[in-house]
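structure07.cif (mmCIF, C-alpha atoms)
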data_work
loop_
_atom_site.label_atom_id
_atom_site.label_comp_id
_atom_site.auth_asym_id
_atom_site.auth_seq_id
_atom_site.Cartn_x
_atom_site.Cartn_y
_atom_site.Cartn_z
CA MET A 1 -22.25 17.17 3.48
CA SER A 2 -22.07 13.60 2.21
CA GLU A 3 -25.14 11.43 1.75
CA LEU A 4 -23.06 8.48 2.95
CA TRP A 5 -21.90 10.26 6.15
CA LYS A 6 -24.36 12.94 7.24
CA TYR A 7 -22.67 13.85 10.50
CA VAL A 8 -20.36 16.72 11.38
CA SER A 9 -18.34 14.53 13.73
CA PRO A 10 -15.39 12.45 12.51
CA GLY A 11 -15.17 8.70 12.93
CA ILE A 12 -16.56 7.16 9.76
CA PRO A 13 -16.97 3.38 10.23
CA ASP A 14 -14.25 1.43 8.43
CA GLU A 15 -16.73 -0.66 6.46
CA LEU A 16 -18.04 2.42 4.60
CA PHE A 17 -14.71 2.83 2.79
CA GLU A 18 -13.85 0.95 -0.38
CA ARG A 19 -10.71 -1.15 0.08
CA LEU A 20 -8.14 -3.12 -1.87
CA PRO A 21 -6.59 -6.34 -0.56
CA GLY A 22 -3.28 -5.70 1.15
CA ILE A 23 -3.64 -1.91 1.26
CA PRO A 24 -3.47 -0.65 4.84
CA MET A 25 -6.18 1.54 6.25
CA SER A 26 -6.08 3.80 9.30
CA GLN A 27 -8.82 2.36 11.47
CA ARG A 28 -11.51 4.62 12.88
CA GLU A 29 -10.16 4.91 16.42
CA ILE A 30 -6.64 5.66 15.15
CA ARG A 31 -8.01 8.26 12.70
CA LEU A 32 -9.79 10.01 15.57
CA LEU A 33 -6.54 10.29 17.52
CA MET A 34 -4.64 11.48 14.45
CA LEU A 35 -7.26 14.11 13.58
CA SER A 36 -7.19 15.36 17.15
CA ALA A 37 -3.38 15.59 17.11
CA LEU A 38 -3.41 17.55 13.83
CA ARG A 39 -5.36 20.42 15.46
CA LEU A 40 -6.97 21.37 12.18
CA GLU A 41 -8.24 24.83 11.33
CA ALA A 42 -11.18 25.46 9.01
CA ASN A 43 -8.93 26.28 6.04
CA SER A 44 -5.87 24.13 6.83
CA VAL A 45 -3.64 22.90 4.03
CA VAL A 46 -2.70 19.31 4.88
CA TRP A 47 -0.22 16.98 3.24
CA ASP A 48 -1.04 13.30 3.85
CA ILE A 49 1.96 11.21 2.85
CA GLY A 50 1.19 7.53 2.37
CA ALA A 51 -2.52 8.23 2.04
CA GLY A 52 -3.36 4.56 1.31
CA THR A 53 -7.11 4.02 1.29
CA GLY A 54 -7.77 7.74 1.68
CA THR A 55 -9.50 7.63 5.05
CA ILE A 56 -7.60 10.62 6.47
CA PRO A 57 -8.14 12.85 3.39
CA VAL A 58 -11.85 11.99 3.39
CA GLU A 59 -12.26 12.72 7.11
CA ILE A 60 -10.34 16.02 6.83
CA GLY A 61 -12.18 16.96 3.66
CA LEU A 62 -15.52 16.57 5.42
CA LEU A 63 -14.36 18.36 8.60
CA CYS A 64 -12.68 21.25 6.74
CA PRO A 65 -14.59 21.88 3.51
CA HIS A 66 -12.63 25.13 3.03
CA GLY A 67 -9.32 23.39 3.62
CA ARG A 68 -7.10 21.71 1.07
CA ILE A 69 -5.72 18.20 1.35
CA ILE A 70 -2.83 16.90 -0.74
CA ALA A 71 -2.91 13.08 -0.68
CA ILE A 72 0.45 11.64 -1.70
CA GLU A 73 0.56 8.02 -2.78
CA ARG A 74 3.21 6.22 -4.83
CA ASP A 75 1.00 3.51 -6.34
CA GLU A 76 -1.39 4.57 -9.12
CA GLU A 77 -3.96 1.86 -8.33
CA VAL A 78 -4.03 2.95 -4.69
CA ALA A 79 -4.30 6.60 -5.77
CA ASN A 80 -7.39 5.58 -7.76
CA LEU A 81 -8.78 4.04 -4.57
CA ILE A 82 -8.30 7.38 -2.76
CA GLN A 83 -10.24 9.11 -5.54
CA LEU A 84 -12.97 6.47 -5.36
CA ASN A 85 -13.38 7.04 -1.62
CA CYS A 86 -13.37 10.82 -2.07
CA ASP A 87 -16.13 10.41 -4.68
CA ARG A 88 -18.12 8.08 -2.39
CA PHE A 89 -18.16 10.72 0.34
CA GLU A 90 -18.53 13.68 -2.06
CA VAL A 91 -15.24 15.21 -0.94
CA ARG A 92 -14.00 17.73 -3.52
CA ASN A 93 -11.05 19.41 -1.78
CA VAL A 94 -8.50 16.59 -2.08
CA GLN A 95 -5.72 16.73 -4.65
CA ILE A 96 -3.99 13.40 -5.29
CA VAL A 97 -0.28 13.37 -6.12
CA ILE A 98 1.12 10.12 -7.47
CA GLY A 99 4.76 9.79 -6.51
CA SER A 100 7.25 8.57 -3.95
CA ALA A 101 8.08 10.78 -1.01
CA PRO A 102 10.34 12.54 -0.36
CA GLU A 103 11.28 12.90 -4.06
CA CYS A 104 7.87 14.10 -5.25
CA LEU A 105 7.37 16.71 -2.51
CA SER A 106 9.27 19.42 -4.40
CA GLN A 107 6.60 19.26 -7.14
CA ILE A 108 3.83 20.41 -4.77
CA SER A 109 3.34 24.16 -4.94
CA THR A 110 1.15 24.58 -1.84
CA GLN A 111 2.93 24.91 1.52
CA PRO A 112 1.42 22.66 4.20
CA GLN A 113 0.21 23.94 7.55
CA ARG A 114 -0.26 20.37 8.73
CA GLY A 115 1.53 17.19 7.76
CA CYS A 116 0.47 13.60 8.27
CA ILE A 117 2.87 10.73 7.61
CA GLU A 118 1.54 7.19 7.72
CA GLY A 119 3.63 4.08 7.33
CA SER A 120 7.12 3.33 8.54
CA ARG A 121 9.27 2.51 5.52
CA GLY A 122 12.01 5.14 5.11
CA ILE A 123 10.20 7.49 7.47
CA LYS A 124 13.18 9.61 8.57
CA PRO A 125 14.05 11.28 5.23
CA ILE A 126 10.34 11.85 4.53
CA LEU A 127 9.79 13.49 7.92
CA GLN A 128 12.85 15.70 7.53
CA GLN A 129 11.78 16.82 4.05
CA VAL A 130 8.18 17.55 5.07
CA TRP A 131 9.51 19.54 8.03
CA GLU A 132 11.39 21.84 5.61
CA TYR A 133 8.17 22.64 3.74
CA LEU A 134 5.97 22.95 6.83
CA ALA A 135 4.71 26.43 7.73
CA LEU A 136 6.43 28.04 10.72
CA THR A 137 3.35 27.50 12.91
CA GLY A 138 2.66 24.07 11.44
CA ARG A 139 2.08 20.69 13.07
CA ILE A 140 3.03 17.23 11.98
CA VAL A 141 1.57 13.87 12.97
CA VAL A 142 3.40 10.61 12.30
CA THR A 143 2.34 7.02 12.94
CA ALA A 144 4.85 4.33 13.84
CA ALA A 145 3.96 0.65 13.97
CA SER A 146 7.36 -0.60 15.17
CA LEU A 147 9.87 0.35 17.85
CA GLU A 148 12.41 1.07 15.10
CA ALA A 149 10.07 3.59 13.45
CA LEU A 150 9.27 5.10 16.86
CA TYR A 151 12.98 5.60 17.47
CA GLU A 152 13.52 7.15 14.00
CA VAL A 153 10.69 9.64 14.48
CA SER A 154 11.77 10.52 18.03
CA GLU A 155 15.36 11.03 16.90
CA SER A 156 14.20 13.17 13.97
CA PHE A 157 12.07 15.37 16.23
CA THR A 158 15.13 15.93 18.44
CA GLN A 159 17.36 16.77 15.47
CA LEU A 160 14.73 19.14 14.06
CA HIS A 161 14.27 20.90 17.42
CA ALA A 162 10.55 20.12 17.37
CA ARG A 163 8.41 21.69 20.08
CA ASN A 164 5.45 20.33 22.01
CA VAL A 165 6.23 16.72 21.13
CA GLU A 166 3.47 14.30 22.09
CA VAL A 167 3.57 10.51 21.89
CA VAL A 168 0.49 8.32 22.29
CA GLN A 169 0.53 4.55 22.14
CA ALA A 170 -2.95 3.54 21.03
CA ALA A 171 -4.23 0.14 22.11
CA VAL A 172 -7.81 -0.34 20.95
CA ASN A 173 -10.14 -3.29 21.41
CA ARG A 174 -13.30 -3.86 19.41
CA LEU A 175 -16.26 -6.07 20.17
CA GLU A 176 -16.48 -9.00 17.72
CA THR A 177 -19.03 -11.77 17.47
CA ARG A 178 -17.58 -15.26 17.11
CA GLY A 179 -20.20 -17.95 16.93
CA ASN A 180 -22.54 -17.45 19.87
CA SER A 181 -20.19 -15.31 21.92
CA ARG A 182 -18.92 -11.77 21.79
CA ARG A 183 -15.32 -10.94 22.63
CA LEU A 184 -13.04 -7.96 22.61
CA ALA A 185 -10.43 -8.27 19.86
CA ALA A 186 -7.32 -6.11 19.85
CA VAL A 187 -6.54 -3.76 16.97
CA ASP A 188 -2.80 -3.66 16.22
CA PRO A 189 -1.14 -1.18 18.60
CA LEU A 190 0.31 1.94 17.03
CA PHE A 191 2.34 4.96 18.14
CA ILE A 192 1.06 8.38 17.16
CA LEU A 193 3.63 11.15 17.44
CA SER A 194 2.96 14.84 16.92
CA ALA A 195 5.05 18.00 17.13
CA GLU A 196 5.23 21.64 16.16
#
For this file, write the structure as structure tokens.
Amino acid sequence: MSELWKYVSPGIPDELFERLPGIPMSQREIRLLMLSALRLEANSVVWDIGAGTGTIPVEIGLLCPHGRIIAIERDEEVANLIQLNCDRFEVRNVQIVIGSAPECLSQISTQPQRGCIEGSRGIKPILQQVWEYLALTGRIVVTAASLEALYEVSESFTQLHARNVEVVQAAVNRLETRGNSRRLAAVDPLFILSAE
């Protein structure tokens, strides 16, 4: 258990994570939906492609201390940020792979039971490659921020004969204080797709 997050429930507040300017982060409410869609088991092996700030690996690492998370990130500075956040939350079951997907995936020796793909640049070849490595009973969760990415993922799921496809369009509002008033501010909408 982490001294920074002493709870067994997911949903670490965004401000507890270290960040770098311009590096995207899966916000708390989106992470909760993604974690739910992954349907994790206590010892799941999870590949997180486009791990960014490392919020998903940290959350999974805390939820599944006997699991194994492979965080794949192409930028070395961002990979260092993932490690920093893992250290902050005392998460020890995350392995960071620096490389571009899908090219670097063949170097990973552990077969995933769950896959998580964040980001929308070149998502189709990444999804198709991860699918080939995924365990027969595995699940995959993909986020799409644009209609084009949504279409690519949907088309890929059809081509791959995915089962139990679910699509959620998350629209979250958060209370913000502006001057003397409080208002609900929208978090960017996002599609979360999952399949087996």
key: Given the PyMOL selection byres ((chain A and resi 136-139) around 10), the residues it picks as a PyMOL selection string   = chain A and resi 37-40+44-46+111-116+131-135+140-141+162-165+194-196
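The gap separating atom CA of Phe89 of chain A from atom CA of Glu59 of chain A is 9.2 Å, in Å to one decimal.
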task = Find the residues around Leu127 of chain A up to 8 Å (only C-alpha atoms counted), leave out those fewer than 5 positions away in its own chain, and share them as a list in words.
result =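 The contact residues come out as Ile117, Val153 and Ser156 of chain A.
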Reference answer for the PyMOL selection byres ((chain A and resi 192) around 8), as a PyMOL selection string = chain A and resi 33-34+141-144+167-170+190-191+193-194
message = So the first atom is atom CA of Ser2 of chain A and the second is atom CA of Asn93 of chain A; what is the distance between them in Å, to one decimal place?
response =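 Here the two named atoms are 13.1 Å from each other.
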key: Close residues, Glu152 of chain A itself excluded, 10 Å, all atoms listed in the file, min 6 positions apart in chain, as number ranges by chain   = A: 120, 122-125, 127, 144, 146, 158
request  = Name the residues captured by the PyMOL selection byres ((chain A and resi 62) around 10) when it is applied to the shown file; answer as a list in words.
outcome  =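 With the PyMOL selection byres ((chain A and resi 62) around 10) on this model, the match is Met1, Ser2, Trp5, Lys6, Tyr7, Val8, Ser9, Pro10, Ile56, Pro57, Val58, Glu59, Ile60, Gly61, Leu63, Cys64, Pro65, His66, Gly67, Cys86, Phe89, Glu90, Val91, Arg92 and Asn93 of chain A.
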task = Using all atoms listed in the file, pick whichever of A:Ile72, A:Ala101, A:Ile30, A:Ile23 has the shortest atom-to-atom distance to Ala145 of chain A.
result =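 Among the listed residues, the smallest separation from Ala145 of chain A belongs to A:Ile30.
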Using all atoms listed in the file, determine which residues lie at most 12 Å from Arg19 of chain A, disregarding the query and same-chain residues fewer than 5 positions distant; provide the list as a tab-separated table (two decimals) with C-alpha atoms, keeping the file's coordinate frame.
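Wrote around_10.tsv, looks like this:
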chain	number	residue	atom	x	y	z
A	14	ASP	CA	-14.25	1.43	8.43
A	24	PRO	CA	-3.47	-0.65	4.84
A	25	MET	CA	-6.18	1.54	6.25
A	26	SER	CA	-6.08	3.80	9.30
A	52	GLY	CA	-3.36	4.56	1.31
A	53	THR	CA	-7.11	4.02	1.29
A	54	GLY	CA	-7.77	7.74	1.68
A	55	THR	CA	-9.50	7.63	5.05
A	77	GLU	CA	-3.96	1.86	-8.33
A	78	VAL	CA	-4.03	2.95	-4.69
A	79	ALA	CA	-4.30	6.60	-5.77
A	80	ASN	CA	-7.39	5.58	-7.76
A	81	LEU	CA	-8.78	4.04	-4.57
A	82	ILE	CA	-8.30	7.38	-2.76
A	83	GLN	CA	-10.24	9.11	-5.54
A	84	LEU	CA	-12.97	6.47	-5.36
A	85	ASN	CA	-13.38	7.04	-1.62
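Atom CA of Val172 of chain A to atom CA of Glu155 of chain A spans 26.1 Å [interatomic distance, one decimal].
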Pick from A:Ser36, A:Gln129, A:Ser100, A:Ser109, whichever lies nearest to Ile70 of chain A using all atoms listed in the file =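 Ranking A:Ser36, A:Gln129, A:Ser100, A:Ser109 by distance to Ile70 of chain A, first place goes to A:Ser109.
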